[in-house]
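Enquirer: Before anything else, here's the structure in question.
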Amino acid sequence: MDQEPPFGETYKTLLHNSSLGEPKDENPLIVEECDLPLIDLSQLNAERDKCIKQITQAAREWGFFQVVNHGISQKVLKILKDEQTKVFHLPFQKKIEDNFLNLSANSYRWGNSKATFLRHVPWSEALHLSLADISRMDECKSTLRSTIEAFVAVAASLAQSLAEILSQILGIKSTYFQENCPPNTSYLRLNRYPPCPFPSKAFGLMPHTDSSFLTILYQDHVGGLQLLKDGKWFRVKPNPQALVINIGDLFQALSNDVFKSIKHRVVSSEEVERFSVAYFYCPSSDAVIQSCCSTKRLLPAVYKHFSFREYQQQVRKDVEATGDKVGLSRFLL
């Protein structure tokens, strides 16, 4: 189909050599199923202290949790999936045009030109949008734009609320996130995972952590999201009523390792495509991330101070050099 990125042709050599030198510890077949902690956010009104305890416990123990009664309607989520399906089903040559949807260059992404192993090639395509880009989206995609705006409006408020709840036990001032995460510094990513003919050799999205404070994910019914906990990979069962929340690298550093940014991946289906939408709650480039040492444990700082710009630059440098992200270990004291 002319909508599909040319994975097979582009990565022919890596496909041919997929058994040579590949990492041996990322077998996508060794997986257990798990039910992530499920938190009803309506309880923030009725039993606030209990709900806050559930959120902080899940962030400590899992780094991942699900929320229901989150404020994004099923109607918005359905329209958003329908609209992103239409966009990703456009011809591939259309999607790689410079001004696709009137968005910034490189908003449409697929594959990994720096990959040295097949496992470094994400068998997926995405629209990666800064929130400032949404308003300039092509007029002919007005339904997509308005639905994205509806999704983002609630996701942004939800992310800030959750961040403020989690920061309470860290002794961080209540205005920290308002001051460092202005409205247009976060990102939205629309993902499509085409059927993959050899899911045991290539990931839909390779194991990674997120370069954000928090990530809010909506995934469809197909499934494929997996997370690493206690040395084991766990398959996350899709819940059509829920959003998945995960701690990002910046919150792990800010919390001085109280909360953990957990490695996760996507394993594609051999038969059906999968869609998801991710909102990455991020600060301004100049925001300085400083490990909080005023927790009850009173441990010394684990990480040196760094700006979000420095972190992004280091991630890009590592990906350019190795095809993979190194992450927080670059900033250990």
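Convention: chains lettered A, B, ... in structure tokens order; per-chain residue numbering from 1; ligands numbered from 1 as shown.
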Taking 6 positions as the minimum chain separation for residues in the same chain, which residues sit within 12 Å of Leu44 in chain A when counting only C-alpha atoms? Answer as a list in words.

Expert: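 Neighbouring residues, sequence-local ones excluded: Lys50, Cys51, Ile52, Lys53, Gln54, Ile55, Val67, Val68, Asn69, His70, Ser161, Leu162 and Ile165 of chain A.
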
Enquirer: Any chance you could export the current selection's all heavy atoms as a compact mmCIF listing (two decimals), in the first residue's frame?

Expert:
```txt
# COMPACT_ATOMS: atom_id res chain seq x y z
N LYS A 50 -6.89 10.04 50.29
CA LYS A 50 -6.75 8.64 49.88
C LYS A 50 -6.31 8.55 48.42
O LYS A 50 -5.42 7.75 48.06
CB LYS A 50 -8.07 7.90 50.07
CG LYS A 50 -8.04 6.44 49.65
CD LYS A 50 -9.39 5.78 49.85
CE LYS A 50 -9.39 4.33 49.35
NZ LYS A 50 -10.72 3.69 49.50
N CYS A 51 -6.90 9.38 47.56
CA CYS A 51 -6.58 9.37 46.13
C CYS A 51 -5.14 9.84 45.90
O CYS A 51 -4.41 9.26 45.09
CB CYS A 51 -7.56 10.26 45.37
SG CYS A 51 -7.47 10.11 43.58
N ILE A 52 -4.73 10.88 46.61
CA ILE A 52 -3.35 11.38 46.49
C ILE A 52 -2.36 10.30 46.91
O ILE A 52 -1.31 10.11 46.28
CB ILE A 52 -3.17 12.66 47.32
CG1 ILE A 52 -3.90 13.83 46.64
CG2 ILE A 52 -1.70 12.99 47.53
CD1 ILE A 52 -3.90 15.11 47.45
N LYS A 53 -2.68 9.57 47.96
CA LYS A 53 -1.81 8.49 48.42
C LYS A 53 -1.67 7.41 47.35
O LYS A 53 -0.58 6.87 47.12
CB LYS A 53 -2.36 7.88 49.72
CG LYS A 53 -1.47 6.81 50.32
CD LYS A 53 -2.04 6.28 51.64
CE LYS A 53 -1.15 5.20 52.22
NZ LYS A 53 -1.67 4.65 53.49
N GLN A 54 -2.80 7.09 46.67
CA GLN A 54 -2.76 6.09 45.60
C GLN A 54 -1.87 6.55 44.45
O GLN A 54 -1.10 5.76 43.88
CB GLN A 54 -4.18 5.82 45.08
CG GLN A 54 -5.08 5.09 46.06
CD GLN A 54 -6.51 4.99 45.56
OE1 GLN A 54 -6.94 5.78 44.70
NE2 GLN A 54 -7.26 4.03 46.08
N ILE A 55 -1.97 7.83 44.10
CA ILE A 55 -1.18 8.38 43.00
C ILE A 55 0.31 8.33 43.34
O ILE A 55 1.14 7.86 42.53
CB ILE A 55 -1.62 9.83 42.68
CG1 ILE A 55 -3.04 9.84 42.09
CG2 ILE A 55 -0.64 10.50 41.72
CD1 ILE A 55 -3.65 11.22 41.99
N VAL A 67 -5.55 6.24 34.86
CA VAL A 67 -6.56 7.08 35.50
C VAL A 67 -7.86 7.02 34.70
O VAL A 67 -7.85 6.98 33.46
CB VAL A 67 -6.09 8.54 35.65
CG1 VAL A 67 -4.88 8.62 36.57
CG2 VAL A 67 -5.76 9.18 34.30
N VAL A 68 -8.97 7.00 35.43
CA VAL A 68 -10.29 7.12 34.81
C VAL A 68 -10.97 8.37 35.39
O VAL A 68 -10.50 8.95 36.36
CB VAL A 68 -11.16 5.87 35.07
CG1 VAL A 68 -10.59 4.66 34.33
CG2 VAL A 68 -11.27 5.58 36.56
N ASN A 69 -12.07 8.76 34.74
CA ASN A 69 -12.72 10.04 35.08
C ASN A 69 -11.70 11.18 35.00
O ASN A 69 -11.58 12.02 35.89
CB ASN A 69 -13.37 9.97 36.46
CG ASN A 69 -14.58 9.05 36.47
OD1 ASN A 69 -15.40 9.09 35.54
ND2 ASN A 69 -14.67 8.21 37.48
N HIS A 70 -10.99 11.18 33.88
CA HIS A 70 -9.89 12.11 33.65
C HIS A 70 -10.32 13.38 32.95
O HIS A 70 -9.54 14.34 32.85
CB HIS A 70 -8.80 11.43 32.82
CG HIS A 70 -9.34 10.58 31.71
ND1 HIS A 70 -9.97 11.10 30.60
CD2 HIS A 70 -9.38 9.23 31.57
CE1 HIS A 70 -10.35 10.11 29.81
NE2 HIS A 70 -10.02 8.95 30.38
N SER A 161 -1.94 19.22 37.25
CA SER A 161 -2.55 18.80 38.52
C SER A 161 -1.82 17.61 39.13
O SER A 161 -1.52 17.58 40.33
CB SER A 161 -4.03 18.45 38.31
OG SER A 161 -4.76 19.58 37.91
N LEU A 162 -1.52 16.60 38.29
CA LEU A 162 -0.81 15.42 38.77
C LEU A 162 0.61 15.78 39.23
O LEU A 162 1.09 15.28 40.25
CB LEU A 162 -0.77 14.34 37.69
CG LEU A 162 -2.10 13.68 37.35
CD1 LEU A 162 -1.95 12.77 36.13
CD2 LEU A 162 -2.64 12.89 38.53
N ILE A 165 0.42 17.40 42.59
CA ILE A 165 0.14 16.41 43.63
C ILE A 165 1.41 15.65 44.00
O ILE A 165 1.74 15.47 45.18
CB ILE A 165 -0.96 15.42 43.15
CG1 ILE A 165 -2.33 16.11 43.17
CG2 ILE A 165 -0.97 14.16 44.00
CD1 ILE A 165 -3.43 15.32 42.51
```

Enquirer: If we count only C-alpha atoms, what is near Phe203 in chain A at a cut-off of 9 Å, once residues fewer than 3 positions away on the same chain are taken out, given as a list in words?

Expert: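 Counting only the stated atoms, we get Pro28, Leu118, Arg119, His120, Val121, Pro122, Trp123, Ser124, Cys196, Pro199, Ser200, Met206, Pro207, Arg265, Val266, Val267 and Ser268 of chain A.
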
Enquirer: Closest to Pro5 in chain A among A:Trp62, A:Tyr311, A:Phe100, A:Tyr108, using only C-alpha atoms?

Expert: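 Comparing A:Trp62, A:Tyr311, A:Phe100, A:Tyr108 against Pro5 in chain A, the winner is A:Tyr108.
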
Enquirer: When DSSP works through the backbone of this structure, what residues of range 106-285 of chain A end up as strand (DSSP E or B), shown as a ChimeraX atom specification?

Expert: /A:108-110,125-130,187-193,205-208,214-219,225-229,232-236,243-247,264-266,274-281

Enquirer: What does the distance between CA of Leu127 in chain A and CA of Phe177 in chain A come to in Å, to one decimal place?

Expert: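 About the pair CA of Leu127 in chain A and CA of Phe177 in chain A: they are 25.8 Å apart.
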
Enquirer: Need the shell around Asn256 in chain A: protein/DNA/RNA residues with any atom at most 7 Å away, counting only C-alpha atoms. Skip same-chain ones fewer than 4 positions apart. Format as a list in words?

Expert: Gln252, Ser291, Cys292, Cys293, Ala301 and Val302 of chain A

Enquirer: With only C-alpha atoms as the counted atoms, please give the residues lying no more than 10 Å from Val319 in chain A, apart from itself and same-chain residues fewer than 6 positions off, as a ChimeraX atom specification.

Expert: /A:112,114-115,120,313,325-326

Enquirer: Using only C-alpha atoms, find the one residue out of A:Leu188, A:Arg274, A:Ser255, A:Ser157 that sits nearest to Gly171 in chain A.

Expert: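 Answer, going by the shortest atom-to-atom distance: A:Ser255.
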
Enquirer: When you count only C-alpha atoms, which of these residues is closest to Ile39 in chain A: A:Gly323, A:Asn99, A:Ala242, A:His89?

Expert: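 So, comparing all the options, the nearest one is A:Ala242.
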
Enquirer: May I ask for the distance between CA of Glu270 in chain A and CA of Phe64 in chain A, given in Å to one decimal place?

Expert: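 Computing it gives 26.1 Å between the two atoms.
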
Enquirer: Would you return as a list in words the members of range 82-140 of chain A that DSSP assigns to alpha helix (DSSP H) on this structure's backbone?

Expert: Asp82, Glu83, Gln84, Thr85, Lys86, Val87, Phe88, Phe92, Gln93, Lys94 and Lys95 of chain A

Enquirer: So, counting only C-alpha atoms, which residue among A:Leu144, A:Arg189, A:Ala253, A:Gln74 is closest to Arg330 in chain A?

Expert: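 Comparing A:Leu144, A:Arg189, A:Ala253, A:Gln74 against Arg330 in chain A, the winner is A:Ala253.
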
Enquirer: Tell me which of A:Lys95, A:Lys81, A:Lys229, A:Lys237 sits closest to Asn191 in chain A, counting only C-alpha atoms.

Expert: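 Nearest to Asn191 in chain A: A:Lys81.
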
Enquirer: Name all residues at most 8 Å from Gln290 in chain A (count only C-alpha atoms; drop same-chain ones fewer than 5 positions away) and give them as a list of chain:residue names.

Expert: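 Once the nearby chain positions are removed, what remains is A:Ala253, A:Leu254, A:Tyr303, A:Lys304, A:His305, A:Phe306.
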
Enquirer: Write the residues of the selection above to a file with N, CA, C and O atoms, as a CSV table (one decimal), in the first residue's frame.

Expert:
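Dumped everything to selection02.csv:
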```csv
chain,number,residue,atom,x,y,z
A,253,ALA,N,14.7,13.0,38.0
A,253,ALA,CA,15.8,13.8,38.5
A,253,ALA,C,15.3,14.8,39.5
A,253,ALA,O,16.0,15.0,40.6
A,254,LEU,N,14.2,15.5,39.3
A,254,LEU,CA,13.7,16.4,40.2
A,254,LEU,C,13.4,15.8,41.6
A,254,LEU,O,13.7,16.4,42.6
A,303,TYR,N,21.7,13.8,41.0
A,303,TYR,CA,22.0,14.3,39.7
A,303,TYR,C,22.6,15.8,39.8
A,303,TYR,O,22.2,16.5,40.7
A,304,LYS,N,23.4,16.1,38.9
A,304,LYS,CA,23.9,17.5,38.9
A,304,LYS,C,22.8,18.4,38.2
A,304,LYS,O,21.9,17.8,37.6
A,305,HIS,N,22.8,19.7,38.4
A,305,HIS,CA,21.8,20.6,37.8
A,305,HIS,C,22.0,20.5,36.3
A,305,HIS,O,23.1,20.5,35.8
A,306,PHE,N,20.9,20.6,35.6
A,306,PHE,CA,21.0,20.7,34.1
A,306,PHE,C,19.7,21.4,33.6
A,306,PHE,O,18.6,21.3,34.3
```

Enquirer: Counting only C-alpha atoms, which residue out of A:Val31, A:Phe92, A:Glu125, A:Pro283 sits closest to Gly231 in chain A?

Expert: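 Ranked by minimum distance to Gly231 in chain A, first place goes to A:Val31.
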